[in-house]
Every structure is written in structure tokens, then in C-alpha cells.
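Chemist: Have a look at the structure that comes next, please.
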Amino acid sequence: MFADDQLAQLERAAGILCGVKLVCPHDQIPLWEESTHLRYRCVECGRTYGRHGMVWDLRADGDALADAEDQVHAESGEPTWRRLVLGKAERIREFERRWLPEFVGTRAFLELGGGLSYASALVKLASPRTVVVAADVSLRYLVHHAVGTAAFLEAPVDVWAAADARRLPFADGQFDRVWSAMLLYRLPDPAQAVAEIRRVLAPGGRWVGLE
């Protein structure tokens, strides 16, 4: 436990990334931003979290699901534009028509299990003032394709984060809207992700999840 003065100091030094408060996915303690501005540290467990290119790796250690997803995407495979134009064109049109209006004008938006993260890019394009966080458990997929998707659509998001939906590295009550598609069925315990989504939703916020 921390004394009151330590808690006050910790609050002042808590890592905030583009307006998003970060916590350690292991123990939910606010992260410190190190002086280099390239890493965050947990003062409770000592773990550090860094950036790979444009993507922050905010995953818990030793997670078999994250390791497996990263192995699947170890090679870049098809170029990003082919994945978008040939693989996701219909889903993108459906998202723009049916779901995008739900997210425009909100303060903060989180996409979970985004992969290409086209939803995040489209929200940022339509609502530039919204803080947009694109998250997926696979660091490699985000590095290889999500950043490229945003460049292709000319809508770079605020934060790309490798994060496990079952242990989110975000403080409570931050997001007005959370979006996920084809996420829960891939998890060994979907209830963990549902509880985490509820935790990070702001009062009155809404999660839209397609399965």
C-alpha cells in the first residue's frame, strides 16, 4: 500500500498517452512515464512497457494467447491494401453505413481485437476530435497492417496499442464507446473481456460488439 503523499505523487506522474490514462495490465496500478517518453513503468511490479514503431506494447507478460496470435502474424503476408480492398470491403461498407454514426462526436473511442483497425481509422476520419485507440492482442499485426490501414485511409489514430482484452491497460471509465467484432469467440474466457470492457466504459457509455 502507498502513503497519501506517495499516492499524490503517483497520480501526478501517472502515464497519460494522448489523453488516455494507462495502468499496468498485471495490477491496475497507474504507469509512470519515464523521462525518455518512450517507456512506461509500473512502480508496483517494476515492469516496463515500450513502443515498437508506432505501436505501444501494453500486454501482460507470458500470455499464451498473445504469443499464439503473434506467431500467426509473424510474417506480413498479403499487403495491407489487398487485405482491405479484397478481404474487408463489404465489412467496411457495413460499418460505415450502420455503426459509424454511433461513434461520431464521442470523446473517446476504443476498438478491441481490431486487426486492421479500419473502424478506428474511419472514426478518426469522421470525428477528428475524438480520441481513438486501436487495440489488438497481436503486436505484429498492428505494426504490419493497422498502421498501414490508417495511412491508406489518411486517418492516423491517436494510439495503437497491443493489448489483451482480458487485461486492458487503461484506467477505469475512460471510453464513451467501445467497438469489437469477432472477438469474444476467440477467447478462452469471454467473461473476463466483458468485465474489462465494462470497467473502462465511462458512465453512460456503450459497447457495440458483433460476434
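Residues are referred to by chain and number: the chain letter is A, B, ... according to the order shown in the C-alpha cells, the number counts from 1 in that chain, and ligands are numbered separately from 1 in the order shown.
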Which neighbours of Val23 (chain A) fall inside 7 Å, counting only C-alpha atoms, when residues of the same chain fewer than 2 positions from it are skipped, and could you give them as number ranges by chain?

Modeler: A: 21, 25, 28-31, 169-171

Chemist: Give me a file of those residues, with N, CA, C and O atoms, as a PDB file, in the first residue's frame.

Modeler:
ATOM      1  N   LYS A  21      -5.357   7.517 -19.879  1.00  0.00           N
ATOM      2  CA  LYS A  21      -4.613   7.119 -18.688  1.00  0.00           C
ATOM      3  C   LYS A  21      -4.294   5.630 -18.752  1.00  0.00           C
ATOM      4  O   LYS A  21      -5.191   4.805 -18.927  1.00  0.00           O
ATOM      5  N   PRO A  25      -1.318  -3.779 -16.842  1.00  0.00           N
ATOM      6  CA  PRO A  25      -2.323  -4.830 -17.014  1.00  0.00           C
ATOM      7  C   PRO A  25      -2.242  -5.922 -15.962  1.00  0.00           C
ATOM      8  O   PRO A  25      -3.194  -6.696 -15.801  1.00  0.00           O
ATOM      9  N   GLN A  28      -3.209  -3.130 -12.326  1.00  0.00           N
ATOM     10  CA  GLN A  28      -4.070  -1.946 -12.442  1.00  0.00           C
ATOM     11  C   GLN A  28      -3.513  -0.710 -11.755  1.00  0.00           C
ATOM     12  O   GLN A  28      -4.253   0.244 -11.486  1.00  0.00           O
ATOM     13  N   ILE A  29      -2.212  -0.686 -11.474  1.00  0.00           N
ATOM     14  CA  ILE A  29      -1.567   0.492 -10.903  1.00  0.00           C
ATOM     15  C   ILE A  29      -1.236   1.467 -12.034  1.00  0.00           C
ATOM     16  O   ILE A  29      -0.734   1.054 -13.078  1.00  0.00           O
ATOM     17  N   PRO A  30      -1.483   2.769 -11.858  1.00  0.00           N
ATOM     18  CA  PRO A  30      -1.121   3.730 -12.911  1.00  0.00           C
ATOM     19  C   PRO A  30       0.358   3.631 -13.275  1.00  0.00           C
ATOM     20  O   PRO A  30       1.217   3.434 -12.412  1.00  0.00           O
ATOM     21  N   LEU A  31       0.648   3.778 -14.549  1.00  0.00           N
ATOM     22  CA  LEU A  31       2.021   3.706 -15.029  1.00  0.00           C
ATOM     23  C   LEU A  31       2.705   5.073 -14.943  1.00  0.00           C
ATOM     24  O   LEU A  31       2.064   6.100 -15.127  1.00  0.00           O
ATOM     25  N   PRO A 169      -4.964  -2.291 -20.436  1.00  0.00           N
ATOM     26  CA  PRO A 169      -4.010  -1.391 -19.786  1.00  0.00           C
ATOM     27  C   PRO A 169      -4.518   0.041 -19.680  1.00  0.00           C
ATOM     28  O   PRO A 169      -3.740   0.988 -19.781  1.00  0.00           O
ATOM     29  N   PHE A 170      -5.824   0.197 -19.500  1.00  0.00           N
ATOM     30  CA  PHE A 170      -6.437   1.530 -19.441  1.00  0.00           C
ATOM     31  C   PHE A 170      -7.172   1.703 -18.121  1.00  0.00           C
ATOM     32  O   PHE A 170      -7.800   0.764 -17.627  1.00  0.00           O
ATOM     33  N   ALA A 171      -7.113   2.914 -17.584  1.00  0.00           N
ATOM     34  CA  ALA A 171      -7.782   3.199 -16.319  1.00  0.00           C
ATOM     35  C   ALA A 171      -9.302   3.141 -16.479  1.00  0.00           C
ATOM     36  O   ALA A 171      -9.839   3.176 -17.593  1.00  0.00           O
TER      37      ALA A 171
END

Chemist: Name the residues in contact with region 101-110 of chain A at a cut-off of 10 Å, using only C-alpha atoms, excluding same-chain residues fewer than 4 positions from it; report them as a VMD selection string.

Modeler: chain A and resid 19 to 20 95 to 97 114 119 to 120 122 to 135 159 174 to 180 197 200 to 202 205 to 208

Chemist: For the selection you just gave me, I'd like the residues written to a file as a short mmCIF file (atom, residue, chain, number, x, y, z; two decimals), in the first residue's frame, keeping N, CA, C and O atoms.

Modeler:
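Heads up, here's the output in part_36.cif:
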data_model
loop_
_atom_site.label_atom_id
_atom_site.label_comp_id
_atom_site.auth_asym_id
_atom_site.auth_seq_id
_atom_site.Cartn_x
_atom_site.Cartn_y
_atom_site.Cartn_z
N GLY A 19 -4.01 11.63 -23.92
CA GLY A 19 -5.24 11.82 -23.15
C GLY A 19 -5.80 10.56 -22.53
O GLY A 19 -6.82 10.62 -21.84
N VAL A 20 -5.15 9.42 -22.74
CA VAL A 20 -5.61 8.15 -22.20
C VAL A 20 -4.74 7.75 -21.03
O VAL A 20 -3.51 7.66 -21.16
N PHE A 95 -19.89 -1.21 -41.82
CA PHE A 95 -19.55 -0.41 -40.65
C PHE A 95 -19.88 1.06 -40.89
O PHE A 95 -20.47 1.72 -40.02
N GLU A 96 -19.51 1.58 -42.06
CA GLU A 96 -19.79 2.99 -42.36
C GLU A 96 -21.29 3.26 -42.36
O GLU A 96 -21.75 4.29 -41.84
N ARG A 97 -22.06 2.36 -42.91
CA ARG A 97 -23.50 2.58 -43.04
C ARG A 97 -24.22 2.44 -41.71
O ARG A 97 -25.05 3.28 -41.34
N GLY A 114 -8.96 -5.30 -33.08
CA GLY A 114 -9.19 -4.60 -34.34
C GLY A 114 -8.49 -5.17 -35.55
O GLY A 114 -8.95 -4.97 -36.67
N ALA A 119 -11.99 0.28 -38.39
CA ALA A 119 -13.03 1.02 -37.67
C ALA A 119 -12.44 2.24 -36.97
O ALA A 119 -13.01 3.33 -37.00
N SER A 120 -11.28 2.06 -36.35
CA SER A 120 -10.62 3.17 -35.68
C SER A 120 -10.28 4.28 -36.66
O SER A 120 -10.49 5.47 -36.39
N LEU A 122 -11.68 4.92 -39.54
CA LEU A 122 -12.89 5.57 -40.05
C LEU A 122 -13.51 6.50 -39.01
O LEU A 122 -14.02 7.57 -39.36
N VAL A 123 -13.45 6.11 -37.74
CA VAL A 123 -13.96 7.00 -36.69
C VAL A 123 -13.11 8.27 -36.63
O VAL A 123 -13.64 9.39 -36.53
N LYS A 124 -11.80 8.12 -36.70
CA LYS A 124 -10.93 9.30 -36.65
C LYS A 124 -11.15 10.20 -37.86
O LYS A 124 -11.13 11.43 -37.73
N LEU A 125 -11.36 9.59 -39.01
CA LEU A 125 -11.60 10.37 -40.22
C LEU A 125 -12.89 11.19 -40.12
O LEU A 125 -12.94 12.35 -40.52
N ALA A 126 -13.93 10.56 -39.57
CA ALA A 126 -15.23 11.22 -39.47
C ALA A 126 -15.35 12.14 -38.26
O ALA A 126 -16.17 13.06 -38.25
N SER A 127 -14.52 11.90 -37.24
CA SER A 127 -14.64 12.64 -35.98
C SER A 127 -13.24 12.96 -35.45
O SER A 127 -12.78 12.35 -34.49
N PRO A 128 -12.55 13.92 -36.05
CA PRO A 128 -11.14 14.17 -35.72
C PRO A 128 -10.87 14.50 -34.25
O PRO A 128 -9.77 14.26 -33.76
N ARG A 129 -11.85 15.07 -33.56
CA ARG A 129 -11.62 15.45 -32.16
C ARG A 129 -11.78 14.29 -31.20
O ARG A 129 -11.42 14.41 -30.02
N THR A 130 -12.31 13.18 -31.65
CA THR A 130 -12.43 12.00 -30.80
C THR A 130 -11.06 11.38 -30.58
O THR A 130 -10.29 11.20 -31.53
N VAL A 131 -10.75 11.05 -29.32
CA VAL A 131 -9.53 10.30 -29.03
C VAL A 131 -9.78 8.84 -29.40
O VAL A 131 -10.68 8.20 -28.85
N VAL A 132 -9.00 8.33 -30.34
CA VAL A 132 -9.23 7.00 -30.89
C VAL A 132 -8.07 6.08 -30.53
O VAL A 132 -6.91 6.39 -30.82
N VAL A 133 -8.40 4.94 -29.92
CA VAL A 133 -7.41 3.94 -29.54
C VAL A 133 -7.73 2.64 -30.27
O VAL A 133 -8.82 2.09 -30.13
N ALA A 134 -6.77 2.17 -31.07
CA ALA A 134 -6.91 0.92 -31.80
C ALA A 134 -6.09 -0.15 -31.10
O ALA A 134 -4.86 -0.03 -31.00
N ALA A 135 -6.75 -1.21 -30.60
CA ALA A 135 -6.05 -2.23 -29.82
C ALA A 135 -6.28 -3.62 -30.41
O ALA A 135 -7.37 -3.93 -30.90
N VAL A 159 -3.73 6.38 -30.73
CA VAL A 159 -2.91 5.36 -30.07
C VAL A 159 -3.16 4.01 -30.74
O VAL A 159 -4.31 3.59 -30.89
N GLN A 174 -12.99 5.46 -19.03
CA GLN A 174 -12.39 6.44 -19.94
C GLN A 174 -13.05 6.54 -21.31
O GLN A 174 -12.90 7.56 -21.98
N PHE A 175 -13.75 5.52 -21.74
CA PHE A 175 -14.19 5.47 -23.13
C PHE A 175 -15.72 5.57 -23.22
O PHE A 175 -16.44 4.82 -22.57
N ASP A 176 -16.17 6.52 -24.05
CA ASP A 176 -17.61 6.66 -24.27
C ASP A 176 -18.16 5.51 -25.10
O ASP A 176 -19.31 5.12 -24.95
N ARG A 177 -17.34 5.02 -26.02
CA ARG A 177 -17.75 3.92 -26.88
C ARG A 177 -16.62 2.91 -27.02
O ARG A 177 -15.45 3.27 -27.16
N VAL A 178 -17.00 1.63 -26.99
CA VAL A 178 -16.08 0.53 -27.27
C VAL A 178 -16.68 -0.30 -28.40
O VAL A 178 -17.88 -0.59 -28.40
N TRP A 179 -15.85 -0.64 -29.36
CA TRP A 179 -16.28 -1.44 -30.52
C TRP A 179 -15.43 -2.70 -30.59
O TRP A 179 -14.20 -2.66 -30.40
N SER A 180 -16.08 -3.84 -30.86
CA SER A 180 -15.34 -5.07 -31.13
C SER A 180 -16.12 -5.87 -32.15
O SER A 180 -17.35 -5.79 -32.22
N ILE A 197 -14.27 -4.59 -20.41
CA ILE A 197 -14.94 -3.58 -21.23
C ILE A 197 -15.84 -2.71 -20.35
O ILE A 197 -15.85 -1.48 -20.46
N VAL A 200 -13.74 -0.13 -18.30
CA VAL A 200 -13.15 1.04 -18.97
C VAL A 200 -14.20 1.95 -19.60
O VAL A 200 -13.88 3.06 -20.02
N LEU A 201 -15.46 1.51 -19.67
CA LEU A 201 -16.51 2.37 -20.20
C LEU A 201 -16.83 3.51 -19.23
O LEU A 201 -16.92 3.31 -18.02
N ALA A 202 -17.00 4.70 -19.79
CA ALA A 202 -17.42 5.84 -18.99
C ALA A 202 -18.88 5.67 -18.58
O ALA A 202 -19.63 4.91 -19.22
N GLY A 205 -21.67 5.10 -21.07
CA GLY A 205 -21.01 4.66 -22.30
C GLY A 205 -21.66 3.40 -22.87
O GLY A 205 -22.49 2.77 -22.22
N ARG A 206 -21.24 3.05 -24.07
CA ARG A 206 -21.86 1.92 -24.75
C ARG A 206 -20.81 1.08 -25.47
O ARG A 206 -19.90 1.62 -26.09
N TRP A 207 -20.96 -0.22 -25.34
CA TRP A 207 -20.14 -1.18 -26.07
C TRP A 207 -20.99 -1.78 -27.19
O TRP A 207 -22.08 -2.30 -26.95
N VAL A 208 -20.46 -1.72 -28.40
CA VAL A 208 -21.10 -2.38 -29.55
C VAL A 208 -20.19 -3.52 -29.95
O VAL A 208 -19.06 -3.30 -30.39
#

Chemist: Excluding Tyr49 (chain A) and its own-chain neighbours fewer than 6 positions away, which residues fall within 10 Å of it when counting only C-alpha atoms? Please give them as a list in words.

Modeler: Cys24, Leu31, Glu33, Leu38, Arg39, Tyr40, Arg41, Cys42, Trp56, Asp57, Leu58, Arg59 and Ala60 of chain A

Chemist: List every residue of region 98-173 of chain A that has an atom at most 12 Å from any atom of region 75-89 of chain A, giving for each one its closest atom pair and the distance in Å to one decimal, counting only C-alpha atoms, sorted by chain and then by ascending residue number, as a tab-separated table.

Modeler:
residue	atom	partner	partner_atom	distance
A:Gly115	CA	A:Arg83	CA	10.6
A:Leu116	CA	A:Leu84	CA	7.8
A:Ser117	CA	A:Leu84	CA	10.1
A:Tyr118	CA	A:Leu84	CA	8.2
A:Ala119	CA	A:Lys88	CA	11.0
A:Leu139	CA	A:Ser76	CA	11.8
A:Arg140	CA	A:Ser76	CA	8.1
A:Tyr141	CA	A:Ser76	CA	7.7
A:Leu142	CA	A:Ser76	CA	10.4
A:Val143	CA	A:Ser76	CA	9.3
A:His144	CA	A:Ser76	CA	5.9
A:His145	CA	A:Thr80	CA	5.5
A:Ala146	CA	A:Thr80	CA	8.1
A:Val147	CA	A:Thr80	CA	9.4
A:Gly148	CA	A:Thr80	CA	6.4
A:Thr149	CA	A:Thr80	CA	6.5
A:Ala150	CA	A:Thr80	CA	10.2
A:Ala151	CA	A:Thr80	CA	10.1
A:Phe152	CA	A:Trp81	CA	7.3
A:Leu153	CA	A:Trp81	CA	9.9

Chemist: Could those residues be written to a file, using C-alpha atoms, as a short mmCIF file (atom, residue, chain, number, x, y, z; two decimals), in the first residue's frame?

Modeler:
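Saved file part_20.cif follows:
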data_model
loop_
_atom_site.label_atom_id
_atom_site.label_comp_id
_atom_site.auth_asym_id
_atom_site.auth_seq_id
_atom_site.Cartn_x
_atom_site.Cartn_y
_atom_site.Cartn_z
CA GLY A 115 -6.62 -6.34 -36.53
CA LEU A 116 -6.51 -3.97 -39.49
CA SER A 117 -8.27 -1.45 -37.23
CA TYR A 118 -10.25 0.06 -40.10
CA ALA A 119 -13.03 1.02 -37.67
CA LEU A 139 1.70 -6.57 -31.79
CA ARG A 140 2.91 -7.82 -35.16
CA TYR A 141 -0.44 -7.38 -36.85
CA LEU A 142 -0.74 -3.81 -35.63
CA VAL A 143 2.81 -2.99 -36.74
CA HIS A 144 2.47 -4.71 -40.12
CA HIS A 145 -1.08 -3.69 -41.02
CA ALA A 146 -3.07 -1.42 -38.66
CA VAL A 147 -0.66 1.48 -39.04
CA GLY A 148 -0.74 0.94 -42.80
CA THR A 149 -4.54 0.90 -42.81
CA ALA A 150 -4.63 4.32 -41.16
CA ALA A 151 -2.12 5.63 -43.69
CA PHE A 152 -4.12 4.13 -46.57
CA LEU A 153 -7.30 5.83 -45.30
#

Chemist: Can you list every residue in region 110-150 of chain A that DSSP puts in strand (DSSP E), as a ChimeraX atom specification?

Modeler: /A:110-112,131-136

Chemist: Write down as a list in words the residues belonging to region 33-88 of chain A that are assigned helix (DSSP H, G or I) by DSSP computed on the backbone.

Modeler: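 Residues meeting the helix (DSSP H, G or I) criterion: Ala64, Leu65, Ala66, Asp67, Ala68, Glu69, Asp70, Gln71, Val72, Thr80, Trp81, Arg82, Arg83, Leu84, Val85, Leu86 and Gly87 of chain A.
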
Chemist: Taking C-alpha atoms for each residue, export the selection above as a short mmCIF file (atom, residue, chain, number, x, y, z; two decimals), in the first residue's frame.

Modeler:
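Output file result.cif is given in full below:
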data_model
loop_
_atom_site.label_atom_id
_atom_site.label_comp_id
_atom_site.auth_asym_id
_atom_site.auth_seq_id
_atom_site.Cartn_x
_atom_site.Cartn_y
_atom_site.Cartn_z
CA ALA A 64 -0.13 -17.76 -24.42
CA LEU A 65 -2.93 -16.16 -26.45
CA ALA A 66 -0.83 -13.12 -27.33
CA ASP A 67 2.13 -15.33 -28.20
CA ALA A 68 -0.02 -17.52 -30.45
CA GLU A 69 -1.56 -14.54 -32.24
CA ASP A 70 1.85 -13.03 -32.82
CA GLN A 71 3.14 -16.29 -34.29
CA VAL A 72 0.23 -16.36 -36.73
CA THR A 80 -2.39 -4.17 -46.29
CA TRP A 81 -4.25 -2.69 -49.23
CA ARG A 82 -5.18 -6.17 -50.52
CA ARG A 83 -6.50 -7.17 -47.10
CA LEU A 84 -8.64 -4.05 -47.04
CA VAL A 85 -9.87 -3.93 -50.62
CA LEU A 86 -10.32 -7.65 -51.21
CA GLY A 87 -10.91 -9.03 -47.74
#
